[in-house]
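Undergrad: Following this line is final33.pdb, made up of PDB, C-alpha atoms:
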```pdb
MODEL        1
ATOM      1  CA  MET A   1     -24.495   4.613  -8.802  1.00  0.00           C
ATOM      2  CA  ARG A   2     -21.471   2.348  -9.105  1.00  0.00           C
ATOM      3  CA  THR A   3     -18.454   3.317 -11.158  1.00  0.00           C
ATOM      4  CA  GLU A   4     -15.815   1.007 -12.583  1.00  0.00           C
ATOM      5  CA  LEU A   5     -12.707   1.048 -10.463  1.00  0.00           C
ATOM      6  CA  PRO A   6      -9.359   1.629 -12.125  1.00  0.00           C
ATOM      7  CA  ALA A   7      -6.721  -1.059 -11.939  1.00  0.00           C
ATOM      8  CA  VAL A   8      -5.312  -1.505  -8.450  1.00  0.00           C
ATOM      9  CA  LYS A   9      -1.614  -2.224  -8.165  1.00  0.00           C
ATOM     10  CA  ILE A  10      -0.487  -3.591  -4.817  1.00  0.00           C
ATOM     11  CA  LEU A  11       3.179  -2.773  -4.270  1.00  0.00           C
ATOM     12  CA  VAL A  12       4.576  -5.365  -1.864  1.00  0.00           C
ATOM     13  CA  GLY A  13       7.489  -4.859   0.499  1.00  0.00           C
ATOM     14  CA  THR A  14       8.144  -7.984   2.559  1.00  0.00           C
ATOM     15  CA  MET A  15      10.775  -9.949   4.435  1.00  0.00           C
ATOM     16  CA  THR A  16       8.906 -13.019   5.646  1.00  0.00           C
ATOM     17  CA  GLY A  17       6.036 -13.178   3.159  1.00  0.00           C
ATOM     18  CA  ASN A  18       3.263 -11.703   5.340  1.00  0.00           C
ATOM     19  CA  ALA A  19       2.745  -8.657   3.113  1.00  0.00           C
ATOM     20  CA  GLU A  20       2.804 -10.896   0.047  1.00  0.00           C
ATOM     21  CA  ARG A  21       0.154 -13.166   1.596  1.00  0.00           C
ATOM     22  CA  ILE A  22      -2.053 -10.127   2.281  1.00  0.00           C
ATOM     23  CA  ALA A  23      -1.716  -8.994  -1.347  1.00  0.00           C
ATOM     24  CA  GLU A  24      -2.668 -12.464  -2.579  1.00  0.00           C
ATOM     25  CA  GLU A  25      -5.724 -12.560  -0.314  1.00  0.00           C
ATOM     26  CA  ILE A  26      -6.822  -9.118  -1.511  1.00  0.00           C
ATOM     27  CA  GLU A  27      -6.440 -10.245  -5.135  1.00  0.00           C
ATOM     28  CA  LEU A  28      -8.573 -13.327  -4.487  1.00  0.00           C
ATOM     29  CA  SER A  29     -11.203 -11.453  -2.485  1.00  0.00           C
ATOM     30  CA  PHE A  30     -11.762  -8.528  -4.828  1.00  0.00           C
ATOM     31  CA  ASP A  31     -10.870  -9.737  -8.321  1.00  0.00           C
ATOM     32  CA  ASP A  32     -14.557  -9.445  -9.270  1.00  0.00           C
ATOM     33  CA  ARG A  33     -14.628  -5.822  -8.107  1.00  0.00           C
ATOM     34  CA  ALA A  34     -11.405  -4.458  -9.595  1.00  0.00           C
ATOM     35  CA  ARG A  35      -8.461  -5.511 -11.727  1.00  0.00           C
ATOM     36  CA  ILE A  36      -5.829  -6.166  -9.077  1.00  0.00           C
ATOM     37  CA  GLU A  37      -2.160  -6.921  -9.626  1.00  0.00           C
ATOM     38  CA  ALA A  38       0.442  -7.467  -6.926  1.00  0.00           C
ATOM     39  CA  LEU A  39       4.023  -6.427  -7.689  1.00  0.00           C
ATOM     40  CA  ASP A  40       7.065  -7.120  -5.526  1.00  0.00           C
ATOM     41  CA  MET A  41       8.948  -3.895  -4.885  1.00  0.00           C
ATOM     42  CA  ASP A  42      12.362  -5.428  -5.615  1.00  0.00           C
ATOM     43  CA  ARG A  43      11.849  -4.930  -9.350  1.00  0.00           C
ATOM     44  CA  LEU A  44      10.199  -1.512  -9.256  1.00  0.00           C
ATOM     45  CA  THR A  45      11.251   1.976 -10.203  1.00  0.00           C
ATOM     46  CA  PRO A  46       9.231   5.183  -9.803  1.00  0.00           C
ATOM     47  CA  ALA A  47       8.033   4.609 -13.396  1.00  0.00           C
ATOM     48  CA  VAL A  48       5.454   2.188 -11.931  1.00  0.00           C
ATOM     49  CA  PHE A  49       3.454   5.292 -11.023  1.00  0.00           C
ATOM     50  CA  ASP A  50       3.130   6.226 -14.722  1.00  0.00           C
ATOM     51  CA  ASP A  51       0.310   3.676 -14.984  1.00  0.00           C
ATOM     52  CA  ASP A  52      -3.269   4.845 -14.760  1.00  0.00           C
ATOM     53  CA  ALA A  53      -3.986   2.868 -11.604  1.00  0.00           C
ATOM     54  CA  VAL A  54      -4.651   3.280  -7.920  1.00  0.00           C
ATOM     55  CA  PHE A  55      -1.862   1.988  -5.729  1.00  0.00           C
ATOM     56  CA  LEU A  56      -1.927   0.080  -2.467  1.00  0.00           C
ATOM     57  CA  ILE A  57       1.349  -0.057  -0.595  1.00  0.00           C
ATOM     58  CA  CYS A  58       1.571  -3.233   1.491  1.00  0.00           C
ATOM     59  CA  SER A  59       4.762  -3.174   3.526  1.00  0.00           C
ATOM     60  CA  SER A  60       6.191  -4.875   6.543  1.00  0.00           C
ATOM     61  CA  THR A  61       8.653  -3.185   8.881  1.00  0.00           C
ATOM     62  CA  TYR A  62      12.151  -4.461   9.428  1.00  0.00           C
ATOM     63  CA  GLY A  63      15.028  -3.769  11.814  1.00  0.00           C
ATOM     64  CA  GLN A  64      14.851  -0.355  13.435  1.00  0.00           C
ATOM     65  CA  GLY A  65      11.669   0.745  11.665  1.00  0.00           C
ATOM     66  CA  ASP A  66      13.051   0.364   8.144  1.00  0.00           C
ATOM     67  CA  VAL A  67      11.374  -0.687   4.921  1.00  0.00           C
ATOM     68  CA  PRO A  68      12.022  -4.364   4.122  1.00  0.00           C
ATOM     69  CA  ASP A  69      15.057  -5.380   2.088  1.00  0.00           C
ATOM     70  CA  ASN A  70      13.109  -5.945  -1.141  1.00  0.00           C
ATOM     71  CA  ALA A  71      11.690  -2.393  -0.907  1.00  0.00           C
ATOM     72  CA  ARG A  72      14.897  -0.580   0.009  1.00  0.00           C
ATOM     73  CA  ASP A  73      16.060   0.276  -3.529  1.00  0.00           C
ATOM     74  CA  PHE A  74      12.576   1.392  -4.629  1.00  0.00           C
ATOM     75  CA  TYR A  75      12.232   3.623  -1.568  1.00  0.00           C
ATOM     76  CA  LYS A  76      15.706   5.072  -2.188  1.00  0.00           C
ATOM     77  CA  LEU A  77      14.900   5.793  -5.863  1.00  0.00           C
ATOM     78  CA  LEU A  78      11.765   7.697  -4.851  1.00  0.00           C
ATOM     79  CA  GLY A  79      13.893   9.907  -2.599  1.00  0.00           C
ATOM     80  CA  GLU A  80      16.620  10.418  -5.198  1.00  0.00           C
ATOM     81  CA  GLN A  81      14.505  10.921  -8.327  1.00  0.00           C
ATOM     82  CA  LYS A  82      11.715  12.873  -6.604  1.00  0.00           C
ATOM     83  CA  PRO A  83       9.109  12.201  -9.315  1.00  0.00           C
ATOM     84  CA  ASP A  84       6.011  14.385  -9.495  1.00  0.00           C
ATOM     85  CA  LEU A  85       3.278  12.123  -8.140  1.00  0.00           C
ATOM     86  CA  ARG A  86       0.392  14.605  -7.975  1.00  0.00           C
ATOM     87  CA  HIS A  87      -1.650  12.295 -10.225  1.00  0.00           C
ATOM     88  CA  VAL A  88      -1.201   9.281  -7.911  1.00  0.00           C
ATOM     89  CA  ARG A  89      -3.889   8.025  -5.507  1.00  0.00           C
ATOM     90  CA  TYR A  90      -2.846   5.408  -2.969  1.00  0.00           C
ATOM     91  CA  GLY A  91      -3.545   3.547   0.255  1.00  0.00           C
ATOM     92  CA  VAL A  92      -1.237   1.920   2.790  1.00  0.00           C
ATOM     93  CA  ILE A  93      -1.221  -1.341   4.706  1.00  0.00           C
ATOM     94  CA  SER A  94       1.644  -1.301   7.189  1.00  0.00           C
ATOM     95  CA  LEU A  95       2.726  -4.291   9.242  1.00  0.00           C
ATOM     96  CA  GLY A  96       4.534  -4.013  12.543  1.00  0.00           C
ATOM     97  CA  ASP A  97       4.785  -5.157  16.134  1.00  0.00           C
ATOM     98  CA  MET A  98       3.680  -2.840  18.933  1.00  0.00           C
ATOM     99  CA  THR A  99       6.346  -4.284  21.244  1.00  0.00           C
ATOM    100  CA  TYR A 100       8.594  -1.978  19.197  1.00  0.00           C
ATOM    101  CA  ALA A 101       6.375   1.027  19.932  1.00  0.00           C
ATOM    102  CA  GLN A 102       8.779   3.736  18.724  1.00  0.00           C
ATOM    103  CA  THR A 103       9.078   2.200  15.267  1.00  0.00           C
ATOM    104  CA  PHE A 104       5.692   0.446  15.051  1.00  0.00           C
ATOM    105  CA  ALA A 105       4.638  -0.107  11.427  1.00  0.00           C
ATOM    106  CA  ASN A 106       7.247   2.353  10.155  1.00  0.00           C
ATOM    107  CA  GLY A 107       7.833   0.464   6.893  1.00  0.00           C
ATOM    108  CA  GLY A 108       4.471   1.453   5.447  1.00  0.00           C
ATOM    109  CA  LYS A 109       4.473   4.793   7.259  1.00  0.00           C
ATOM    110  CA  ARG A 110       7.759   5.683   5.533  1.00  0.00           C
ATOM    111  CA  PHE A 111       6.178   5.011   2.146  1.00  0.00           C
ATOM    112  CA  ASP A 112       3.171   7.096   3.143  1.00  0.00           C
ATOM    113  CA  ALA A 113       5.429  10.001   4.092  1.00  0.00           C
ATOM    114  CA  ILE A 114       7.524   9.972   0.916  1.00  0.00           C
ATOM    115  CA  LEU A 115       4.531   9.550  -1.411  1.00  0.00           C
ATOM    116  CA  SER A 116       2.835  12.470   0.318  1.00  0.00           C
ATOM    117  CA  GLN A 117       5.994  14.593  -0.015  1.00  0.00           C
ATOM    118  CA  LEU A 118       6.034  13.809  -3.745  1.00  0.00           C
ATOM    119  CA  GLY A 119       2.470  15.071  -4.135  1.00  0.00           C
ATOM    120  CA  ALA A 120       0.490  11.818  -4.130  1.00  0.00           C
ATOM    121  CA  THR A 121      -2.902  11.723  -2.402  1.00  0.00           C
ATOM    122  CA  ARG A 122      -3.647   9.044   0.156  1.00  0.00           C
ATOM    123  CA  LEU A 123      -7.185   7.718   0.125  1.00  0.00           C
ATOM    124  CA  GLY A 124      -8.350   6.537   3.544  1.00  0.00           C
ATOM    125  CA  GLU A 125      -6.336   6.078   6.682  1.00  0.00           C
ATOM    126  CA  VAL A 126      -3.178   3.989   6.935  1.00  0.00           C
ATOM    127  CA  PHE A 127      -4.047   0.480   8.140  1.00  0.00           C
ATOM    128  CA  CYS A 128      -1.537  -0.778  10.711  1.00  0.00           C
ATOM    129  CA  HIS A 129      -1.526  -4.406  11.789  1.00  0.00           C
ATOM    130  CA  ASP A 130       0.025  -5.258  15.142  1.00  0.00           C
ATOM    131  CA  ALA A 131       1.676  -8.704  15.084  1.00  0.00           C
ATOM    132  CA  SER A 132       1.750  -8.788  18.886  1.00  0.00           C
ATOM    133  CA  THR A 133      -2.058  -9.238  18.959  1.00  0.00           C
ATOM    134  CA  GLY A 134      -1.739 -12.745  17.554  1.00  0.00           C
ATOM    135  CA  THR A 135      -4.268 -12.091  14.788  1.00  0.00           C
ATOM    136  CA  LEU A 136      -3.424 -12.993  11.218  1.00  0.00           C
ATOM    137  CA  PRO A 137      -2.681  -9.827   9.260  1.00  0.00           C
ATOM    138  CA  GLU A 138      -4.742 -10.949   6.272  1.00  0.00           C
ATOM    139  CA  ASP A 139      -7.798 -11.490   8.502  1.00  0.00           C
ATOM    140  CA  GLU A 140      -7.804  -7.785   9.337  1.00  0.00           C
ATOM    141  CA  ALA A 141      -6.295  -6.327   6.161  1.00  0.00           C
ATOM    142  CA  VAL A 142      -8.749  -7.890   3.695  1.00  0.00           C
ATOM    143  CA  PRO A 143     -11.870  -6.311   5.285  1.00  0.00           C
ATOM    144  CA  TRP A 144      -9.971  -3.009   5.522  1.00  0.00           C
ATOM    145  CA  ALA A 145      -9.113  -3.297   1.807  1.00  0.00           C
ATOM    146  CA  GLY A 146     -12.802  -3.708   0.993  1.00  0.00           C
ATOM    147  CA  GLU A 147     -13.557  -0.452   2.806  1.00  0.00           C
ATOM    148  CA  TRP A 148     -10.584   1.197   1.089  1.00  0.00           C
ATOM    149  CA  LEU A 149     -11.904   0.149  -2.321  1.00  0.00           C
ATOM    150  CA  SER A 150     -15.212   1.805  -1.395  1.00  0.00           C
ATOM    151  CA  THR A 151     -13.282   4.975  -0.541  1.00  0.00           C
ATOM    152  CA  VAL A 152     -11.555   4.805  -3.943  1.00  0.00           C
ATOM    153  CA  GLU A 153     -14.927   4.407  -5.626  1.00  0.00           C
ATOM    154  CA  GLU A 154     -16.429   7.361  -3.697  1.00  0.00           C
ATOM    155  CA  SER A 155     -13.431   9.507  -4.649  1.00  0.00           C
ATOM    156  CA  MET A 156     -13.906   8.661  -8.320  1.00  0.00           C
ATOM    157  CA  LEU A 157     -17.624   9.463  -8.171  1.00  0.00           C
ATOM    158  CA  ALA A 158     -16.891  12.822  -6.526  1.00  0.00           C
ATOM    159  CA  GLN A 159     -14.431  13.660  -9.310  1.00  0.00           C
ATOM    160  CA  GLN A 160     -17.075  12.906 -11.947  1.00  0.00           C
ATOM    161  CA  LEU A 161     -19.601  15.339 -10.437  1.00  0.00           C
TER     162      LEU A 161
ENDMDL
END
```
Would you mind writing the file out in structure tokens?

TA:
Amino acid sequence: MRTELPAVKILVGTMTGNAERIAEEIELSFDDRARIEALDMDRLTPAVFDDDAVFLICSSTYGQGDVPDNARDFYKLLGEQKPDLRHVRYGVISLGDMTYAQTFANGGKRFDAILSQLGATRLGEVFCHDASTGTLPEDEAVPWAGEWLSTVEESMLAQQL
């Protein structure tokens, strides 16, 4: 039995455009399966989580394991406002480079940590792409996103039982 997926909002934190490219590829690959909308984090506030959607954080890592510049204010607002996110379901795609092992993929991992602290529920494991492998992040993230959407669907079916 297949259930209709809720809207999926991909919240994009990027410096060089890799995370944005992944979001675009996910939109193109799964637009027949779910309503998908990518939003750059530079214009977001915690009110984005008021929507009845499932969220996919797609974030690169910058500097010493920080969130990218366009995500900095959004991340800071989450920490300051501390909204109740118990109704939120989300997934995470985190980009990094294993040559920086101590801070590998910390941009997305930081979002995972704060969303969890605010009560949100992560669906699936965090996907981490390692730029040092030479593979294109979208080549690995898109198949992962398909599996993640299946996890979202299974979660919804379980809630209906």

Undergrad: Apply the PyMOL selection byres ((chain A and resi 84) around 7) to the file shown and report the selected residues as a compact mmCIF listing (two decimals) with C-alpha atoms, in the coordinates of the input.

TA:
```txt
# COMPACT_ATOMS: atom_id res chain seq x y z
CA LYS A 82 11.72 12.87 -6.60
CA PRO A 83 9.11 12.20 -9.32
CA LEU A 85 3.28 12.12 -8.14
CA ARG A 86 0.39 14.60 -7.98
CA LEU A 118 6.03 13.81 -3.74
CA GLY A 119 2.47 15.07 -4.14
```

Undergrad: So, with all atoms listed in the file as the atoms that count, which of A:Phe111, A:Phe74, A:Tyr90, A:Phe104 lies closest to Leu149 of chain A?

TA: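 The closest residue to Leu149 of chain A is A:Tyr90.
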
Undergrad: Applying 10 Å and all atoms listed in the file, which residues near Asp50 of chain A remain after dropping the ones on its own chain fewer than 2 positions away? List them as a list in words.

TA: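 The contact residues come out as Pro46, Ala47, Val48, Asp52, Ala53, Leu85, His87 and Val88 of chain A.
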
Undergrad: Go ahead and save the picked residues with C-alpha atoms, as a PDB file, keeping the file's coordinate frame.

TA:
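What ended up in part-v3.pdb:
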```
ATOM      1  CA  PRO A  46       9.231   5.183  -9.803  1.00  0.00           C
ATOM      2  CA  ALA A  47       8.033   4.609 -13.396  1.00  0.00           C
ATOM      3  CA  VAL A  48       5.454   2.188 -11.931  1.00  0.00           C
ATOM      4  CA  ASP A  52      -3.269   4.845 -14.760  1.00  0.00           C
ATOM      5  CA  ALA A  53      -3.986   2.868 -11.604  1.00  0.00           C
ATOM      6  CA  LEU A  85       3.278  12.123  -8.140  1.00  0.00           C
ATOM      7  CA  HIS A  87      -1.650  12.295 -10.225  1.00  0.00           C
ATOM      8  CA  VAL A  88      -1.201   9.281  -7.911  1.00  0.00           C
TER       9      VAL A  88
END
```

Undergrad: Could you please determine the separation between atom CA of Asp42 of chain A and atom CA of Ala71 of chain A in Å, to one decimal place?

TA: 5.6 Å

Undergrad: Identify which of the residues A:Ile26, A:Arg89, A:Pro143, A:Asp130 lies closest to Met156 of chain A, counting all atoms listed in the file when measuring atom-to-atom distances.

TA: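 The answer is A:Arg89, which sits nearest to Met156 of chain A.
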
Undergrad: Which residues are close to segment 12-15 of chain A, i.e. within 10 Å by only C-alpha atoms, leaving aside same-chain residues fewer than 5 positions away? Reply as a PyMOL selection string.

TA: chain A and resi 20-23+38-42+56-62+67-72+74-75+93-95+107-108

Undergrad: Looking at only C-alpha atoms, which of A:Glu125, A:Thr99, A:Leu28, A:Arg43 is the one that sits closest to Thr151 of chain A?

TA: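 Checking each candidate against Thr151 of chain A, we get A:Glu125 as the closest.
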
Undergrad: Excluding same-chain residues fewer than 3 positions from Gln64 of chain A, what lies within 9 Å of it counting all atoms listed in the file, as a ChimeraX atom specification?

TA: /A:61,100,103,106

Undergrad: Tell me, in Å to one decimal, how far atom CA of Thr45 of chain A is from atom CA of Gly124 of chain A.

TA: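 For atom CA of Thr45 of chain A relative to atom CA of Gly124 of chain A, the distance reads 24.4 Å.
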
Undergrad: Separation of atom CA of Ala105 of chain A and atom CA of Val92 of chain A, in Å?

TA: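 Computed distance, atom CA of Ala105 of chain A to atom CA of Val92 of chain A, equals 10.6 Å.
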
Undergrad: Out of A:Glu80, A:Asp73, A:Glu4, A:Glu24, which residue has the shortest atom-to-atom distance to Glu153 of chain A when counting all atoms listed in the file?

TA: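 That would be A:Glu4, the residue with the smallest distance to Glu153 of chain A.
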
Undergrad: Which residue is closest to Gly65 of chain A? Choose from A:Ala101, A:Ala141, A:Leu5, A:Ala34 and count all atoms listed in the file.

TA: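 Nearest candidate to Gly65 of chain A out of A:Ala101, A:Ala141, A:Leu5, A:Ala34: A:Ala101.
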